[in-house]
Amino acid sequence: MKLICTVLLFTTLACAQLSVRPAIKGPLRVKGNQLIDSTGLGVTLQGTQAPKSLTLDYAGTMFSTIRQRWNMNAVRLPLSVDESQTPGYFDRIREIVRRANQSELLVILAADDEEDAGLPTDRTSAFWKQCAAHFKDHPRVIFDLFSEPSADAIPGHKSGTRTAGEWQFWLRGGTDVNGRKTVGMQALVDAVRSTGARQVVSVMAFEDEILLRGFPERYLISDPDVIYEVCPLNRVHNTDAARDRDFGYLATSVPILAMDWDFQLDQDDAECRSVPRDPKAAKALVQSHMNYFDAKGISWMASSFTPGKLIFSMDSMEPTELWKDLRCGAAEWPTVGMGLEVQLHQWSMTKENLITVSAGAGGIKVPQNGLAIGYGEVTNAPAYGEGWPLPTTVSEVSIRIKDSAGNERMAPILYAGIGQITYWVDAATAPGLALVELVRSDGTKGLTGSIIVEAISPGLFTATANARGPVNALARFSKDGQEVSRLVYECDAIHCWTAPVPVSGEMPTLVELYGTGFRDATEPIRVTLGNRPVRIVQSGPQPGAPMNDLLVIELEPHLKGLGEEDLVFFVGDKISNIVRLRVE
């Protein structure tokens, strides 16, 4: 990540470290202990796991949130070995992979097999021959061959030990304690390669407290493109010394992927009970994991993007927080989790910073000539800026921006409230890393943060005002010979959902979408709905609302009856947040 030091608060020296994690250009290859993309760039994977029962309804919005709001570059997708025999199964998975890749995420396809728990069998090999054949031409995927191999399934295994014979079992297979014939990891790699698939494969070490401790090099997989996977335990691997001993030492020789280091707060077991009860100590443990992985160049997947884990709900996709003393297995755990710590780590910030995102896409790229939202303790007297140009002080607070060229300016403010401030980034703000300061009129200390300014950073407003879900738009269509206008969403006190937009041959159905970050676009723009191209009628500033940008599309007759689908907006190769629109 690019490190830039400059004068912050204009009196003290500080370092701002904030960058957008580059999208991975597949296919990946292994060079020494690094993953290398097709441009020759060394990359580490930083992501999370998708829900096991992921539906297409949520997939696009979820993936754009993971990429833009969490600054991740990968997602792990569990595949059901049982369901893989169902007609159309891999067609659905292929569409999920397409949507993730469209959002600039690499996908780790992981075999999830309840029947073959413990160690893989010929059934697992058969699955990979089928799966790899379907995805061998998808450059931005990795094959994760078997989850949670257990040394307990090996005859004679003793807890807390690992023998050379057990590593041989892991590599080549054998007859397990239940008399089943198992295959080793090498056989699974060979099954993938037999299809012609050349993507990187991930092989998991035994899931216990030893992991890769003392792993003999002679048992490395015979293949040039392998990443070795571990599942660190919080009760064991809570210091750098323990991590070094059990897997970190090998990161100097081969690529390592750390998985499943979540607190498991929904379980009342030894692993959860080992987590510090004090939220501050728990946050420090999360940070120590991620800091270690980053320092060693170790890839990682954080928990899962499911309610009660990284996020509160699939509707809001807001991060969970470690905000009170932790307990295990309690019904309240959907409101507690490590999501915010992971998100802040990806922004190189803390909760004490002013954390700014695009008012449209919700990501860390903020447009010139567009709206941004800063989150933090701003003011106890919420108020709106009035008139145009907007005032630079609202409710006794201001925003000062120092851009990458060293220029300082006060930002026009649309709204200042208890938890956020919405402000305008001037067109003259130089692209690149800029420093932001919340200035209080009474002279008391404000908040500081960073933004990444780009000339164009398209984003569409949503009904929930969080860049996810139903798009904030107005439809114009014909009904009984009359032109009708109505919003394309409905809300109650908690949720918002799409409202159907009629399409007929009487007159064109036009939809006005509102957003920010694209009014000055010079590159070609395009829109897709359900991966179908949509005609663009107009793009630019919204008349009568100078803070907003306007995108007008036409829903042509061939879209009639399409249903609810992802709407995706591109400016050149820049992608907006992915929103939802329903056509009847």
# chains A, B, ... in the order shown; residues from 1 in each chain; ligands from 1
>>> residues_around(residues="region 523-529 of chain A", least_positions_apart="2", cutoff="10 Å", atoms="only C-alpha atoms", output="PyMOL selection string")
chain A and resi 456+518+520-521+531-536+539+551+553+555+559+562+564-576+579-583
>>> write_last_selection(atoms="C-alpha atoms", output="PDB file, in the first residue's frame")
ATOM      1  CA  ILE A 456     -14.937  10.236 -11.892  1.00  0.00           C
ATOM      2  CA  PHE A 518     -20.370  11.083 -12.969  1.00  0.00           C
ATOM      3  CA  ASP A 520     -18.205  15.235 -15.836  1.00  0.00           C
ATOM      4  CA  ALA A 521     -17.826  11.827 -17.478  1.00  0.00           C
ATOM      5  CA  ASN A 531     -26.893  -8.279 -17.579  1.00  0.00           C
ATOM      6  CA  ARG A 532     -28.964  -6.870 -20.457  1.00  0.00           C
ATOM      7  CA  PRO A 533     -27.958  -3.533 -22.028  1.00  0.00           C
ATOM      8  CA  VAL A 534     -30.247  -0.595 -21.316  1.00  0.00           C
ATOM      9  CA  ARG A 535     -30.660   2.519 -23.455  1.00  0.00           C
ATOM     10  CA  ILE A 536     -29.290   5.706 -21.867  1.00  0.00           C
ATOM     11  CA  SER A 539     -26.558  11.878 -18.032  1.00  0.00           C
ATOM     12  CA  LEU A 551     -28.972   9.343 -15.154  1.00  0.00           C
ATOM     13  CA  ILE A 553     -32.616   5.287 -18.854  1.00  0.00           C
ATOM     14  CA  LEU A 555     -36.887   0.455 -20.348  1.00  0.00           C
ATOM     15  CA  LEU A 559     -37.442  -5.881 -20.847  1.00  0.00           C
ATOM     16  CA  LEU A 562     -37.921  -9.125 -16.415  1.00  0.00           C
ATOM     17  CA  GLU A 564     -36.211  -7.678 -10.034  1.00  0.00           C
ATOM     18  CA  GLU A 565     -32.607  -7.576 -11.215  1.00  0.00           C
ATOM     19  CA  ASP A 566     -29.227  -5.947 -10.625  1.00  0.00           C
ATOM     20  CA  LEU A 567     -28.777  -2.566 -12.253  1.00  0.00           C
ATOM     21  CA  VAL A 568     -25.122  -1.794 -12.967  1.00  0.00           C
ATOM     22  CA  PHE A 569     -23.757   1.521 -14.198  1.00  0.00           C
ATOM     23  CA  PHE A 570     -20.331   1.866 -15.844  1.00  0.00           C
ATOM     24  CA  VAL A 571     -18.293   4.941 -16.772  1.00  0.00           C
ATOM     25  CA  GLY A 572     -15.504   3.537 -18.903  1.00  0.00           C
ATOM     26  CA  ASP A 573     -14.124   0.723 -16.753  1.00  0.00           C
ATOM     27  CA  LYS A 574     -15.325   2.304 -13.481  1.00  0.00           C
ATOM     28  CA  ILE A 575     -18.291   0.522 -11.937  1.00  0.00           C
ATOM     29  CA  SER A 576     -20.927   2.040  -9.662  1.00  0.00           C
ATOM     30  CA  VAL A 579     -28.523  -1.574  -7.053  1.00  0.00           C
ATOM     31  CA  ARG A 580     -31.891  -3.272  -7.586  1.00  0.00           C
ATOM     32  CA  LEU A 581     -34.761  -2.403  -9.973  1.00  0.00           C
ATOM     33  CA  ARG A 582     -37.954  -4.386 -10.694  1.00  0.00           C
ATOM     34  CA  VAL A 583     -39.636  -4.417 -14.103  1.00  0.00           C
TER      35      VAL A 583
END
>>> closest_atom_pairs(of="region 428-504 of chain A", to="region 391-414 of chain A", cutoff="8 Å", atoms="only C-alpha atoms", output="JSON lines")
{"residue": "A:Thr429", "atom": "CA", "partner": "A:Asp403", "partner_atom": "CA", "distance": 6.1}
{"residue": "A:Ala430", "atom": "CA", "partner": "A:Asp403", "partner_atom": "CA", "distance": 5.7}
{"residue": "A:Pro431", "atom": "CA", "partner": "A:Ser404", "partner_atom": "CA", "distance": 6.7}
{"residue": "A:Gly432", "atom": "CA", "partner": "A:Ser404", "partner_atom": "CA", "distance": 5.6}
{"residue": "A:Leu433", "atom": "CA", "partner": "A:Ser404", "partner_atom": "CA", "distance": 5.5}
{"residue": "A:Ala434", "atom": "CA", "partner": "A:Asp403", "partner_atom": "CA", "distance": 4.2}
{"residue": "A:Leu435", "atom": "CA", "partner": "A:Lys402", "partner_atom": "CA", "distance": 5.1}
{"residue": "A:Val436", "atom": "CA", "partner": "A:Ile401", "partner_atom": "CA", "distance": 4.7}
{"residue": "A:Glu437", "atom": "CA", "partner": "A:Arg400", "partner_atom": "CA", "distance": 5.2}
{"residue": "A:Leu438", "atom": "CA", "partner": "A:Ile399", "partner_atom": "CA", "distance": 4.8}
{"residue": "A:Val439", "atom": "CA", "partner": "A:Ser398", "partner_atom": "CA", "distance": 5.0}
{"residue": "A:Arg440", "atom": "CA", "partner": "A:Val397", "partner_atom": "CA", "distance": 4.6}
{"residue": "A:Ser441", "atom": "CA", "partner": "A:Glu396", "partner_atom": "CA", "distance": 5.2}
{"residue": "A:Asp442", "atom": "CA", "partner": "A:Glu396", "partner_atom": "CA", "distance": 7.6}
>>> closest_residue(among="A:Ala187, A:Lys52, A:Pro508, A:Ala545", to="Gly387 (chain A)", atoms="only C-alpha atoms")
A:Ala545
>>> select_by_dssp(residues="region 15-248 of chain A", states="strand (DSSP E)", output="ChimeraX atom specification")
/A:15-16,29-31,34-36,42-43,46-49,74-80,106-112,141-144,173-175,181-183,201-204,226-230
>>> closest_atom_pairs(of="region 25-85 of chain A", to="region 356-377 of chain A", cutoff="12 Å", atoms="only C-alpha atoms", output="Markdown table")
| residue | atom | partner | partner_atom | distance |
| --- | --- | --- | --- | --- |
| A:Thr61 | CA | A:Ala361 | CA | 10.8 |
| A:Ser64 | CA | A:Ala361 | CA | 8.7 |
| A:Thr65 | CA | A:Gly362 | CA | 7.9 |
| A:Ile66 | CA | A:Gly363 | CA | 9.5 |
| A:Arg67 | CA | A:Gly363 | CA | 8.1 |
| A:Gln68 | CA | A:Gly363 | CA | 4.3 |
| A:Arg69 | CA | A:Gly363 | CA | 4.5 |
| A:Trp70 | CA | A:Gly363 | CA | 7.7 |
| A:Asn71 | CA | A:Gly363 | CA | 7.7 |
| A:Met72 | CA | A:Gly363 | CA | 11.0 |
>>> residues_around(residues="region 334-344 of chain A", least_positions_apart="2", cutoff="6 Å", atoms="only C-alpha atoms", output="VMD selection string")
chain A and resid 70 308 to 310 319 to 322 332 346 to 347 349 to 350
>>> residues_around(residues="Phe477 (chain A)", least_positions_apart="2", cutoff="8 Å", atoms="only C-alpha atoms", output="CSV table (one decimal) with C-alpha atoms, in the first residue's frame")
chain,number,residue,atom,x,y,z
A,475,ALA,CA,-40.3,6.1,-13.1
A,479,LYS,CA,-51.3,4.1,-17.5
A,483,GLU,CA,-48.5,9.8,-18.1
A,484,VAL,CA,-47.8,8.6,-14.5
A,485,SER,CA,-44.8,9.3,-12.3
A,502,PRO,CA,-44.5,-1.2,-15.8
A,503,VAL,CA,-43.3,-1.5,-19.4
A,507,MET,CA,-45.1,5.2,-24.6
A,508,PRO,CA,-41.4,4.8,-23.4
A,509,THR,CA,-40.9,4.0,-19.8
A,510,LEU,CA,-38.2,6.3,-18.5
>>> residues_around(residues="Leu257 (chain A)", least_positions_apart="4", cutoff="7 Å", atoms="only C-alpha atoms", output="MDAnalysis selection string")
chainID A and resid 227:230 298:300
>>> residues_around(residues="Ala302 (chain A)", least_positions_apart="6", cutoff="8 Å", atoms="only C-alpha atoms", output="list of chain:residue names")
A:Gln46, A:Gly47, A:Thr48, A:Gln49, A:Met259, A:Asp260, A:Trp261, A:Asp262, A:Val342
>>> select_by_dssp(residues="region 173-307 of chain A", states="helix (DSSP H, G or I)", output="MDAnalysis selection string")
chainID A and resid 185:193 217:219 240:246 248:252 270:273 279:296
>>> closest_residue(among="A:Gly160, A:Gly481, A:Gly419, A:Pro120", to="Gln186 (chain A)", atoms="only C-alpha atoms")
A:Pro120
